[in-house]
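**Q** Provided herewith: upload-v2.cif, mmCIF, C-alpha atoms.
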data_start
#
loop_
_atom_site.group_PDB
_atom_site.id
_atom_site.type_symbol
_atom_site.label_atom_id
_atom_site.label_comp_id
_atom_site.auth_asym_id
_atom_site.auth_seq_id
_atom_site.Cartn_x
_atom_site.Cartn_y
_atom_site.Cartn_z
ATOM 1 C CA MET A 1 -8.473 121.427 69.611
ATOM 2 C CA ASP A 2 -7.053 118.339 71.235
ATOM 3 C CA PRO A 3 -6.163 119.342 74.832
ATOM 4 C CA GLY A 4 -3.065 117.162 74.653
ATOM 5 C CA VAL A 5 -1.688 119.264 71.816
ATOM 6 C CA ALA A 6 -2.571 122.517 73.539
ATOM 7 C CA ARG A 7 -0.761 121.421 76.704
ATOM 8 C CA PRO A 8 2.183 119.339 75.555
ATOM 9 C CA VAL A 9 4.276 119.682 78.710
ATOM 10 C CA GLU A 10 1.400 118.641 80.946
ATOM 11 C CA GLY A 11 0.802 115.656 78.704
ATOM 12 C CA THR A 12 4.446 114.641 78.842
ATOM 13 C CA ILE A 13 4.481 114.916 82.632
ATOM 14 C CA ARG A 14 1.469 112.626 82.893
ATOM 15 C CA THR A 15 2.917 110.103 80.491
ATOM 16 C CA LYS A 16 6.356 109.965 82.085
ATOM 17 C CA LEU A 17 5.117 109.774 85.664
ATOM 18 C CA THR A 18 2.640 107.074 84.729
ATOM 19 C CA GLN A 19 5.332 105.038 83.026
ATOM 20 C CA ALA A 20 7.881 105.462 85.800
ATOM 21 C CA LEU A 21 5.727 105.127 88.911
ATOM 22 C CA GLN A 22 2.505 103.338 87.881
ATOM 23 C CA PRO A 23 0.530 105.625 90.210
ATOM 24 C CA ASP A 24 -2.741 104.648 91.842
ATOM 25 C CA HIS A 25 -3.631 108.311 91.622
ATOM 26 C CA LEU A 26 -2.028 111.158 89.721
ATOM 27 C CA GLU A 27 -2.824 114.846 89.545
ATOM 28 C CA VAL A 28 -0.896 117.283 87.384
ATOM 29 C CA LEU A 29 -1.714 120.935 87.813
ATOM 30 C CA ASN A 30 -0.380 123.691 85.641
ATOM 31 C CA GLU A 31 0.138 126.548 88.095
ATOM 32 C CA SER A 32 1.831 128.882 85.635
ATOM 33 C CA HIS A 33 -1.104 131.293 85.801
ATOM 34 C CA MET A 34 -0.187 131.920 89.453
ATOM 35 C CA HIS A 35 3.202 133.266 88.442
ATOM 36 C CA ALA A 36 4.699 136.181 86.573
ATOM 37 C CA VAL A 37 4.721 134.451 83.174
ATOM 38 C CA PRO A 38 2.658 134.999 80.002
ATOM 39 C CA PRO A 39 -0.820 133.453 79.770
ATOM 40 C CA GLY A 40 -0.795 129.942 78.395
ATOM 41 C CA SER A 41 2.664 129.157 79.793
ATOM 42 C CA GLU A 42 3.606 125.687 80.924
ATOM 43 C CA SER A 43 6.438 126.553 83.281
ATOM 44 C CA HIS A 44 5.183 125.961 86.822
ATOM 45 C CA PHE A 45 3.549 122.694 87.853
ATOM 46 C CA ARG A 46 2.296 120.872 90.928
ATOM 47 C CA VAL A 47 2.076 117.094 90.906
ATOM 48 C CA LEU A 48 0.453 114.702 93.333
ATOM 49 C CA VAL A 49 1.637 111.138 92.873
ATOM 50 C CA VAL A 50 0.218 108.220 94.831
ATOM 51 C CA SER A 51 2.264 105.104 94.253
ATOM 52 C CA THR A 52 3.384 101.910 95.930
ATOM 53 C CA HIS A 53 6.866 102.738 94.640
ATOM 54 C CA PHE A 54 7.138 105.217 97.513
ATOM 55 C CA GLU A 55 6.601 102.684 100.265
ATOM 56 C CA GLY A 56 9.462 102.595 102.726
ATOM 57 C CA LEU A 57 11.165 105.562 101.104
ATOM 58 C CA PRO A 58 11.904 108.847 102.875
ATOM 59 C CA LEU A 59 10.548 112.040 101.334
ATOM 60 C CA LEU A 60 13.818 112.978 99.680
ATOM 61 C CA GLN A 61 14.072 109.677 97.831
ATOM 62 C CA ARG A 62 10.452 109.881 96.727
ATOM 63 C CA HIS A 63 10.980 113.325 95.281
ATOM 64 C CA ARG A 64 14.167 112.166 93.564
ATOM 65 C CA LEU A 65 12.167 109.441 91.815
ATOM 66 C CA VAL A 66 9.766 112.040 90.486
ATOM 67 C CA ASN A 67 12.620 114.354 89.490
ATOM 68 C CA GLU A 68 14.359 111.519 87.693
ATOM 69 C CA ALA A 69 11.253 110.661 85.703
ATOM 70 C CA LEU A 70 11.002 114.283 84.597
ATOM 71 C CA ARG A 71 14.718 114.995 84.281
ATOM 72 C CA GLU A 72 14.546 116.149 80.687
ATOM 73 C CA GLU A 73 11.622 118.484 81.240
ATOM 74 C CA LEU A 74 13.130 119.896 84.421
ATOM 75 C CA SER A 75 16.325 120.775 82.610
ATOM 76 C CA SER A 76 14.487 122.611 79.869
ATOM 77 C CA ARG A 77 10.803 123.435 79.970
ATOM 78 C CA ILE A 78 9.720 123.213 83.610
ATOM 79 C CA HIS A 79 10.821 126.073 85.813
ATOM 80 C CA ALA A 80 9.169 124.982 89.053
ATOM 81 C CA LEU A 81 7.779 121.659 90.215
ATOM 82 C CA ALA A 82 5.931 121.218 93.502
ATOM 83 C CA ILE A 83 5.684 117.580 94.509
ATOM 84 C CA GLN A 84 3.469 115.559 96.807
ATOM 85 C CA ALA A 85 4.512 111.922 96.865
ATOM 86 C CA LYS A 86 2.307 109.631 98.907
ATOM 87 C CA THR A 87 1.825 105.925 99.401
ATOM 88 C CA PRO A 88 -1.698 104.610 98.805
ATOM 89 C CA GLU A 89 -2.211 104.323 102.552
ATOM 90 C CA GLN A 90 -1.135 107.899 103.176
ATOM 91 C CA TRP A 91 -3.454 109.083 100.434
ATOM 92 C CA ARG A 92 -6.392 107.184 101.919
ATOM 93 C CA SER A 93 -5.837 108.722 105.340
ATOM 94 C CA ASP A 94 -5.281 112.222 103.965
ATOM 95 C CA PRO A 95 -6.646 112.754 100.454
ATOM 96 C CA THR A 96 -5.822 116.455 100.214
ATOM 97 C CA LEU A 97 -3.906 118.383 97.630
ATOM 98 C CA ALA A 98 -1.467 120.923 99.052
ATOM 99 C CA LYS A 99 -1.587 124.537 97.958
ATOM 100 C CA SER A 100 1.308 126.391 96.445
ATOM 101 C CA PRO A 101 2.435 129.655 97.994
ATOM 102 C CA GLN A 102 1.698 132.880 96.194
ATOM 103 C CA CYS A 103 4.182 134.084 93.665
ATOM 104 C CA ARG A 104 6.696 136.719 94.734
ATOM 105 C CA GLY A 105 7.223 137.814 91.177
ATOM 106 C CA GLY A 106 10.626 136.186 90.810
ATOM 107 C CA SER A 107 9.949 135.022 87.263
ATOM 108 C CA LYS A 108 9.651 138.574 86.004
ATOM 109 C CA HIS A 109 13.280 139.112 86.978
ATOM 110 C CA ASP A 110 14.342 135.836 85.474
ATOM 111 C CA SER A 111 15.170 135.694 81.796
ATOM 112 C CA THR A 112 15.724 131.939 82.019
ATOM 113 C CA VAL A 113 11.989 131.367 82.447
ATOM 114 C CA ILE A 114 10.570 133.257 79.485
ATOM 115 C CA PRO A 115 13.186 135.453 77.791
ATOM 116 C CA GLY A 116 11.800 138.903 77.147
ATOM 117 C CA ALA A 117 8.536 138.038 78.863
ATOM 118 C CA PRO A 118 6.155 140.933 79.528
ATOM 119 C CA GLN A 119 5.956 141.776 83.188
ATOM 120 C CA VAL A 120 2.946 140.328 84.936
ATOM 121 C CA LEU A 121 2.764 141.115 88.604
ATOM 122 C CA GLY A 122 1.089 138.800 91.029
ATOM 123 C CA PHE A 123 1.925 139.854 94.540
ATOM 124 C CA SER A 124 -0.286 138.906 97.369
ATOM 125 C CA ILE A 125 -0.179 137.920 100.984
ATOM 126 C CA TRP A 126 0.507 134.270 101.654
ATOM 127 C CA GLU A 127 -1.169 132.501 104.531
ATOM 128 C CA MET A 128 0.090 129.221 105.857
ATOM 129 C CA GLU A 129 -2.048 126.629 107.531
ATOM 130 C CA ARG A 130 -1.534 127.700 111.129
ATOM 131 C CA LYS A 131 -1.785 131.392 110.316
ATOM 132 C CA GLU A 132 1.013 132.067 112.758
ATOM 133 C CA LEU A 133 3.293 133.316 110.077
ATOM 134 C CA GLU A 134 3.231 137.012 109.533
ATOM 135 C CA PRO A 135 1.903 137.757 106.079
ATOM 136 C CA LEU A 136 4.565 139.324 103.913
ATOM 137 C CA CYS A 137 3.190 142.084 101.775
ATOM 138 C CA MET A 138 5.190 142.756 98.628
ATOM 139 C CA CYS A 139 5.373 146.258 97.278
ATOM 140 C CA ARG A 140 6.345 146.962 93.700
ATOM 141 C CA MET B 1 51.606 129.356 90.906
ATOM 142 C CA ASN B 2 48.865 130.662 88.612
ATOM 143 C CA LYS B 3 46.461 128.190 90.142
ATOM 144 C CA ILE B 4 47.240 129.524 93.601
ATOM 145 C CA PHE B 5 46.583 133.080 92.408
ATOM 146 C CA ARG B 6 43.300 132.003 90.819
ATOM 147 C CA LEU B 7 42.143 130.183 93.938
ATOM 148 C CA THR B 8 43.103 133.094 96.145
ATOM 149 C CA ALA B 9 41.321 135.534 93.878
ATOM 150 C CA THR B 10 38.230 133.371 93.829
ATOM 151 C CA SER B 11 38.168 133.146 97.611
ATOM 152 C CA LEU B 12 38.678 136.866 97.996
ATOM 153 C CA ARG B 13 35.920 137.597 95.526
ATOM 154 C CA ALA B 14 33.608 135.274 97.429
ATOM 155 C CA MET B 15 34.312 137.078 100.660
ATOM 156 C CA THR B 16 34.085 140.668 99.494
ATOM 157 C CA SER B 17 30.347 141.052 99.863
ATOM 158 C CA LEU B 18 29.830 139.432 103.210
ATOM 159 C CA TYR B 19 27.653 141.238 105.676
ATOM 160 C CA ARG B 20 25.571 140.422 108.691
ATOM 161 C CA SER B 21 22.141 141.736 109.254
ATOM 162 C CA ASN B 22 19.830 141.665 112.203
ATOM 163 C CA GLN B 23 16.473 140.090 111.564
ATOM 164 C CA ASN B 24 13.940 139.997 114.384
ATOM 165 C CA ASN B 25 15.768 138.750 117.460
ATOM 166 C CA GLY B 26 18.411 136.815 115.608
ATOM 167 C CA GLN B 27 20.972 137.232 112.929
ATOM 168 C CA PHE B 28 21.137 135.810 109.481
ATOM 169 C CA LEU B 29 24.138 135.792 107.264
ATOM 170 C CA TYR B 30 23.406 136.977 103.741
ATOM 171 C CA ILE B 31 26.210 136.304 101.354
ATOM 172 C CA SER B 32 26.263 137.956 97.976
ATOM 173 C CA PRO B 33 27.731 135.279 95.731
ATOM 174 C CA ARG B 34 30.420 136.088 93.229
ATOM 175 C CA ARG B 35 30.961 134.259 89.992
ATOM 176 C CA MET B 36 32.780 131.034 90.700
ATOM 177 C CA CYS B 37 35.016 129.267 88.291
ATOM 178 C CA THR B 38 33.349 126.016 87.260
ATOM 179 C CA ALA B 39 36.475 124.073 88.043
ATOM 180 C CA GLU B 40 36.346 125.065 91.734
ATOM 181 C CA ASN B 41 32.561 125.128 91.908
ATOM 182 C CA HIS B 42 32.055 121.735 93.483
ATOM 183 C CA ASN B 43 34.710 122.234 96.158
ATOM 184 C CA SER B 44 33.419 125.720 96.942
ATOM 185 C CA LEU B 45 29.874 124.454 97.302
ATOM 186 C CA ALA B 46 31.003 121.574 99.494
ATOM 187 C CA GLU B 47 32.633 124.125 101.766
ATOM 188 C CA MET B 48 29.683 126.508 101.637
ATOM 189 C CA VAL B 49 27.143 123.920 102.766
ATOM 190 C CA LYS B 50 29.322 122.804 105.679
ATOM 191 C CA LYS B 51 30.297 126.214 107.009
ATOM 192 C CA ASP B 52 26.960 126.803 108.704
ATOM 193 C CA ARG B 53 24.529 124.433 110.360
ATOM 194 C CA VAL B 54 21.631 125.658 108.230
ATOM 195 C CA VAL B 55 22.267 126.764 104.650
ATOM 196 C CA VAL B 56 19.629 127.883 102.174
ATOM 197 C CA PHE B 57 20.057 128.545 98.466
ATOM 198 C CA MET B 58 17.122 130.707 97.469
ATOM 199 C CA LYS B 59 15.787 133.328 95.125
ATOM 200 C CA GLY B 60 16.102 136.687 96.768
ATOM 201 C CA THR B 61 17.058 137.192 100.388
ATOM 202 C CA PRO B 62 15.415 136.324 103.709
ATOM 203 C CA GLN B 63 14.447 139.972 103.969
ATOM 204 C CA GLN B 64 13.053 140.069 100.454
ATOM 205 C CA PRO B 65 12.382 136.663 98.953
ATOM 206 C CA MET B 66 11.721 136.752 95.213
ATOM 207 C CA CYS B 67 9.884 133.457 94.941
ATOM 208 C CA GLY B 68 6.902 132.032 96.804
ATOM 209 C CA PHE B 69 8.690 128.737 97.451
ATOM 210 C CA SER B 70 11.820 130.463 98.744
ATOM 211 C CA ASN B 71 9.600 132.634 100.895
ATOM 212 C CA ALA B 72 7.982 129.499 102.292
ATOM 213 C CA VAL B 73 11.346 128.196 103.462
ATOM 214 C CA VAL B 74 12.169 131.515 105.091
ATOM 215 C CA GLN B 75 8.810 131.621 106.819
ATOM 216 C CA ILE B 76 9.058 128.057 108.106
ATOM 217 C CA LEU B 77 12.529 128.640 109.513
ATOM 218 C CA ARG B 78 11.336 131.871 111.089
ATOM 219 C CA MET B 79 8.426 130.058 112.718
ATOM 220 C CA HIS B 80 10.885 127.730 114.384
ATOM 221 C CA GLY B 81 13.001 130.648 115.518
ATOM 222 C CA VAL B 82 15.826 129.779 113.125
ATOM 223 C CA ASN B 83 17.235 133.120 112.057
ATOM 224 C CA ASN B 84 20.935 132.372 112.210
ATOM 225 C CA TYR B 85 21.524 130.689 108.878
ATOM 226 C CA ALA B 86 23.436 131.271 105.667
ATOM 227 C CA ALA B 87 21.320 132.364 102.716
ATOM 228 C CA TYR B 88 22.668 132.491 99.157
ATOM 229 C CA ASN B 89 20.749 134.380 96.481
ATOM 230 C CA VAL B 90 21.031 132.402 93.262
ATOM 231 C CA LEU B 91 19.439 135.177 91.214
ATOM 232 C CA GLU B 92 22.686 137.102 91.562
ATOM 233 C CA ASP B 93 24.879 134.381 90.131
ATOM 234 C CA GLN B 94 23.872 132.017 87.337
ATOM 235 C CA ASP B 95 26.960 129.884 87.941
ATOM 236 C CA LEU B 96 25.911 129.355 91.537
ATOM 237 C CA ARG B 97 22.351 128.718 90.467
ATOM 238 C CA GLN B 98 23.367 125.969 88.095
ATOM 239 C CA GLY B 99 26.218 124.772 90.284
ATOM 240 C CA VAL B 100 24.064 124.023 93.300
ATOM 241 C CA LYS B 101 21.599 122.077 91.154
ATOM 242 C CA THR B 102 24.444 119.916 89.871
ATOM 243 C CA PHE B 103 26.007 119.619 93.309
ATOM 244 C CA SER B 104 22.891 118.308 94.987
ATOM 245 C CA ASN B 105 21.441 116.643 91.874
ATOM 246 C CA TRP B 106 18.252 118.587 92.505
ATOM 247 C CA PRO B 107 16.646 120.599 89.731
ATOM 248 C CA THR B 108 14.951 123.428 91.606
ATOM 249 C CA ILE B 109 15.488 126.260 94.055
ATOM 250 C CA PRO B 110 15.145 126.660 97.052
ATOM 251 C CA GLN B 111 17.512 124.089 98.507
ATOM 252 C CA VAL B 112 18.034 123.513 102.206
ATOM 253 C CA PHE B 113 21.087 121.927 103.821
ATOM 254 C CA PHE B 114 21.433 120.838 107.461
ATOM 255 C CA ASN B 115 25.008 120.211 108.631
ATOM 256 C CA GLY B 116 26.205 119.921 105.075
ATOM 257 C CA GLU B 117 23.557 117.386 104.134
ATOM 258 C CA PHE B 118 20.911 118.146 101.537
ATOM 259 C CA VAL B 119 17.452 118.081 103.115
ATOM 260 C CA GLY B 120 15.238 119.048 100.199
ATOM 261 C CA GLY B 121 13.232 121.950 98.885
ATOM 262 C CA CYS B 122 10.158 123.809 100.000
ATOM 263 C CA ASP B 123 7.765 120.838 99.789
ATOM 264 C CA ILE B 124 9.937 118.625 101.954
ATOM 265 C CA LEU B 125 10.603 121.316 104.535
ATOM 266 C CA LEU B 126 6.891 122.052 104.729
ATOM 267 C CA GLN B 127 6.019 118.396 105.238
ATOM 268 C CA MET B 128 8.725 118.050 107.859
ATOM 269 C CA HIS B 129 7.259 121.073 109.624
ATOM 270 C CA GLN B 130 3.717 119.667 109.471
ATOM 271 C CA SER B 131 4.744 116.218 110.682
ATOM 272 C CA GLY B 132 6.896 117.506 113.530
ATOM 273 C CA ASP B 133 10.045 116.032 112.017
ATOM 274 C CA LEU B 134 11.566 119.460 111.578
ATOM 275 C CA VAL B 135 11.618 120.057 115.323
ATOM 276 C CA GLU B 136 13.548 116.791 115.726
ATOM 277 C CA GLU B 137 15.977 117.557 112.935
ATOM 278 C CA LEU B 138 16.691 120.998 114.347
ATOM 279 C CA GLU B 139 17.328 119.410 117.720
ATOM 280 C CA LYS B 140 19.978 117.189 116.129
ATOM 281 C CA LEU B 141 21.656 120.380 114.944
ATOM 282 C CA GLY B 142 21.594 121.727 118.467
ATOM 283 C CA ILE B 143 18.822 124.186 117.642
ATOM 284 C CA ARG B 144 15.789 124.323 119.870
ATOM 285 C CA SER B 145 12.663 125.095 117.886
ATOM 286 C CA ALA B 146 10.718 128.127 119.057
ATOM 287 C CA LEU B 147 7.564 126.074 118.634
ATOM 288 C CA LEU B 148 8.531 123.947 121.614
ATOM 289 C CA ASP B 149 8.525 127.031 123.808
ATOM 290 C CA LYS B 150 5.223 128.149 122.347
ATOM 291 C CA GLU B 151 3.664 124.785 123.112
ATOM 292 C CA LYS B 152 4.982 124.947 126.644
ATOM 293 C CA GLU B 153 3.470 128.385 127.160
ATOM 294 C CA SER B 154 0.075 127.328 125.961
ATOM 295 C CA LYS B 155 -0.108 124.406 128.403
#
Would you mind writing the file's structure down as structure tokens?
**A**
Amino acid sequence: MDPGVARPVEGTIRTKLTQALQPDHLEVLNESHMHAVPPGSESHFRVLVVSTHFEGLPLLQRHRLVNEALREELSSRIHALAIQAKTPEQWRSDPTLAKSPQCRGGSKHDSTVIPGAPQVLGFSIWEMERKELEPLCMCR
Amino acid sequence: MNKIFRLTATSLRAMTSLYRSNQNNGQFLYISPRRMCTAENHNSLAEMVKKDRVVVFMKGTPQQPMCGFSNAVVQILRMHGVNNYAAYNVLEDQDLRQGVKTFSNWPTIPQVFFNGEFVGGCDILLQMHQSGDLVEELEKLGIRSALLDKEKESK
């Protein structure tokens, strides 16, 4: 099966971000499997965009550019979008992809994500980079 | 006259579930949102984000976040010793949930406001924390980050 057909939302994200921002580097990760949604969902994404369009712009404006490019998807199909928006120079000095925090199961309480979705629980302890944060353990 | 009654009723409804809770050494203000009439939504939100120096719209509460990204915001603020902030749980009110997205022209939750100004979501707050910018921004609000004291102790 053509992967583009199997993952239409991911394909659209790539196309729209490429058209809008002409990125030097682009990564689109479907992180839906990390959340309380059915297998095969395309609801939660992380994007890393490296583009000269971001030069001179503060973080908020960079993220707004990404949001604007994906406005239609964000109002309908995408429930969560984690964004890293770097200039080519920033990417060269720090070519790392950030990690998303662990799900707290919010989607299972949220009928706007997948109406009538079966409950899939994915609680775990989340560690941040400096490990100074107390891990929050979620009980059912 | 009817408009006055409606506005009064809306305000009263918004205030009925106010309570303060102690969290660690500080206090945070958790406000249970009530359904807001769309017509007054924008004005209400404008007031809400200005009432407190730090305002967070999130899923769940600071005591029990219901989303990893909302939890991240809570954790970051806690790291900096910021416990006295207003937190609004959008899962309790779909009007609020949609209203804040329209208000800030930002499609996702959580949303963080400093002195009435939209700062960003989890990603931005995390990057501000990592770069040290968050300490500076908190200082502008008159809040001394707990990390400054920690650094001092370790020297």
**Q** Near stretch 78-88 of chain A, counting only C-alpha atoms, which residues have an atom at most 6 Å away, once you skip same-chain residues fewer than 6 positions from it, shown as number ranges by chain?
**A** A: 43-52, 54-55
**Q** Please identify every residue of chain B that has at least one atom no farther than 9 Å from an atom of chain A, counting only C-alpha atoms, and for each give the shortest atom pair and the distance in Å to one decimal, arranged by chain then increasing number, as JSON lines.
**A**
{"residue": "B:Lys59", "atom": "CA", "partner": "A:Gly106", "partner_atom": "CA", "distance": 7.3}
{"residue": "B:Gly60", "atom": "CA", "partner": "A:Gly106", "partner_atom": "CA", "distance": 8.1}
{"residue": "B:Gln64", "atom": "CA", "partner": "A:Met138", "partner_atom": "CA", "distance": 8.5}
{"residue": "B:Pro65", "atom": "CA", "partner": "A:Arg104", "partner_atom": "CA", "distance": 7.1}
{"residue": "B:Met66", "atom": "CA", "partner": "A:Gly106", "partner_atom": "CA", "distance": 4.6}
{"residue": "B:Cys67", "atom": "CA", "partner": "A:Arg104", "partner_atom": "CA", "distance": 4.6}
{"residue": "B:Gly68", "atom": "CA", "partner": "A:Cys103", "partner_atom": "CA", "distance": 4.6}
{"residue": "B:Phe69", "atom": "CA", "partner": "A:Pro101", "partner_atom": "CA", "distance": 6.3}
{"residue": "B:Asn71", "atom": "CA", "partner": "A:Arg104", "partner_atom": "CA", "distance": 7.9}
{"residue": "B:Ala72", "atom": "CA", "partner": "A:Pro101", "partner_atom": "CA", "distance": 7.0}
{"residue": "B:Gln75", "atom": "CA", "partner": "A:Leu133", "partner_atom": "CA", "distance": 6.6}
{"residue": "B:Ile76", "atom": "CA", "partner": "A:Leu133", "partner_atom": "CA", "distance": 8.0}
{"residue": "B:Arg78", "atom": "CA", "partner": "A:Leu133", "partner_atom": "CA", "distance": 8.2}
{"residue": "B:Met79", "atom": "CA", "partner": "A:Leu133", "partner_atom": "CA", "distance": 6.6}
{"residue": "B:Leu91", "atom": "CA", "partner": "A:Asp110", "partner_atom": "CA", "distance": 7.7}
{"residue": "B:Asn105", "atom": "CA", "partner": "A:Arg64", "partner_atom": "CA", "distance": 8.7}
{"residue": "B:Trp106", "atom": "CA", "partner": "A:Asn67", "partner_atom": "CA", "distance": 7.7}
{"residue": "B:Pro107", "atom": "CA", "partner": "A:Leu74", "partner_atom": "CA", "distance": 6.4}
{"residue": "B:Thr108", "atom": "CA", "partner": "A:Ala80", "partner_atom": "CA", "distance": 6.5}
{"residue": "B:Ile109", "atom": "CA", "partner": "A:Ala80", "partner_atom": "CA", "distance": 8.2}
{"residue": "B:Phe118", "atom": "CA", "partner": "A:Leu60", "partner_atom": "CA", "distance": 9.0}
{"residue": "B:Val119", "atom": "CA", "partner": "A:Leu60", "partner_atom": "CA", "distance": 7.1}
{"residue": "B:Gly120", "atom": "CA", "partner": "A:Leu60", "partner_atom": "CA", "distance": 6.3}
{"residue": "B:Cys122", "atom": "CA", "partner": "A:Ala82", "partner_atom": "CA", "distance": 8.2}
{"residue": "B:Asp123", "atom": "CA", "partner": "A:Ile83", "partner_atom": "CA", "distance": 6.5}
{"residue": "B:Ile124", "atom": "CA", "partner": "A:Leu59", "partner_atom": "CA", "distance": 6.6}
{"residue": "B:Gln127", "atom": "CA", "partner": "A:Leu59", "partner_atom": "CA", "distance": 8.7}
**Q** Could you tell me which residues the PyMOL selection byres ((chain A and resi 21) around 9) returns for this structure, as number ranges by chain?
**A** A: 16-20, 22-24, 49-54, 65-66, 69
**Q** Between atom CA of B:Ser131 and atom CA of A:Ser93, measure the distance and give it in Å to one decimal.
**A** 14.0 Å
**Q** Between atom CA of B:Arg144 and atom CA of B:Lys101, what is the distance in Å, rounded to a tenth?
**A** 29.4 Å
**Q** Applied to this file, what does the PyMOL selection byres ((chain A and resi 9) around 12) return in terms of residues, put as a PyMOL selection string?
**A** chain A and resi 3-8+10-16+28-30+32+40-45+70+72-74+76-79
**Q** Using all atoms listed in the file, which residue out of B:Met48, B:Ile143, B:Leu138, B:Val56 lies closest to B:Asn89?
**A**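 Closest to B:Asn89 of all the choices is B:Val56.
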**Q** May I have the residues within 10 Å of B:Gly99 as a list in words, using all atoms listed in the file and disregarding those fewer than 2 positions away in the same chain?
**A**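 So, after excluding close chain neighbours, the residues are Met36, Thr38, Asn41, His42, Ser44, Leu45, Val90, Asp93, Gln94, Asp95, Leu96, Arg97, Lys101, Thr102, Phe103, Ser104 and Asn105 of chain B.
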**Q** I'd like the interatomic distance between atom CA of B:Gly81 and atom CA of B:Asn115, to a tenth of an Å.
**A**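 So the answer is 17.3 Å.
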**Q** On this file, the PyMOL selection byres ((chain B and resi 135) around 12) gives some set of residues; write that set as a tab-separated table (two decimals) with C-alpha atoms, in the coordinates of the input.
**A**
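New file expr-v5.tsv:
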chain	number	residue	atom	x	y	z
B	76	ILE	CA	9.06	128.06	108.11
B	77	LEU	CA	12.53	128.64	109.51
B	79	MET	CA	8.43	130.06	112.72
B	80	HIS	CA	10.88	127.73	114.38
B	81	GLY	CA	13.00	130.65	115.52
B	82	VAL	CA	15.83	129.78	113.12
B	125	LEU	CA	10.60	121.32	104.54
B	126	LEU	CA	6.89	122.05	104.73
B	127	GLN	CA	6.02	118.40	105.24
B	128	MET	CA	8.72	118.05	107.86
B	129	HIS	CA	7.26	121.07	109.62
B	130	GLN	CA	3.72	119.67	109.47
B	131	SER	CA	4.74	116.22	110.68
B	132	GLY	CA	6.90	117.51	113.53
B	133	ASP	CA	10.04	116.03	112.02
B	134	LEU	CA	11.57	119.46	111.58
B	136	GLU	CA	13.55	116.79	115.73
B	137	GLU	CA	15.98	117.56	112.94
B	138	LEU	CA	16.69	121.00	114.35
B	139	GLU	CA	17.33	119.41	117.72
B	140	LYS	CA	19.98	117.19	116.13
B	141	LEU	CA	21.66	120.38	114.94
B	142	GLY	CA	21.59	121.73	118.47
B	143	ILE	CA	18.82	124.19	117.64
B	144	ARG	CA	15.79	124.32	119.87
B	145	SER	CA	12.66	125.10	117.89
B	146	ALA	CA	10.72	128.13	119.06
B	147	LEU	CA	7.56	126.07	118.63
B	148	LEU	CA	8.53	123.95	121.61
B	149	ASP	CA	8.52	127.03	123.81
**Q** Can you list, as a ChimeraX atom specification, every protein, DNA or RNA residue that comes within 7 Å of B:Val54 when you count only C-alpha atoms, leaving out same-chain residues fewer than 2 positions away?
**A** /B:52,56,85-86,113-115
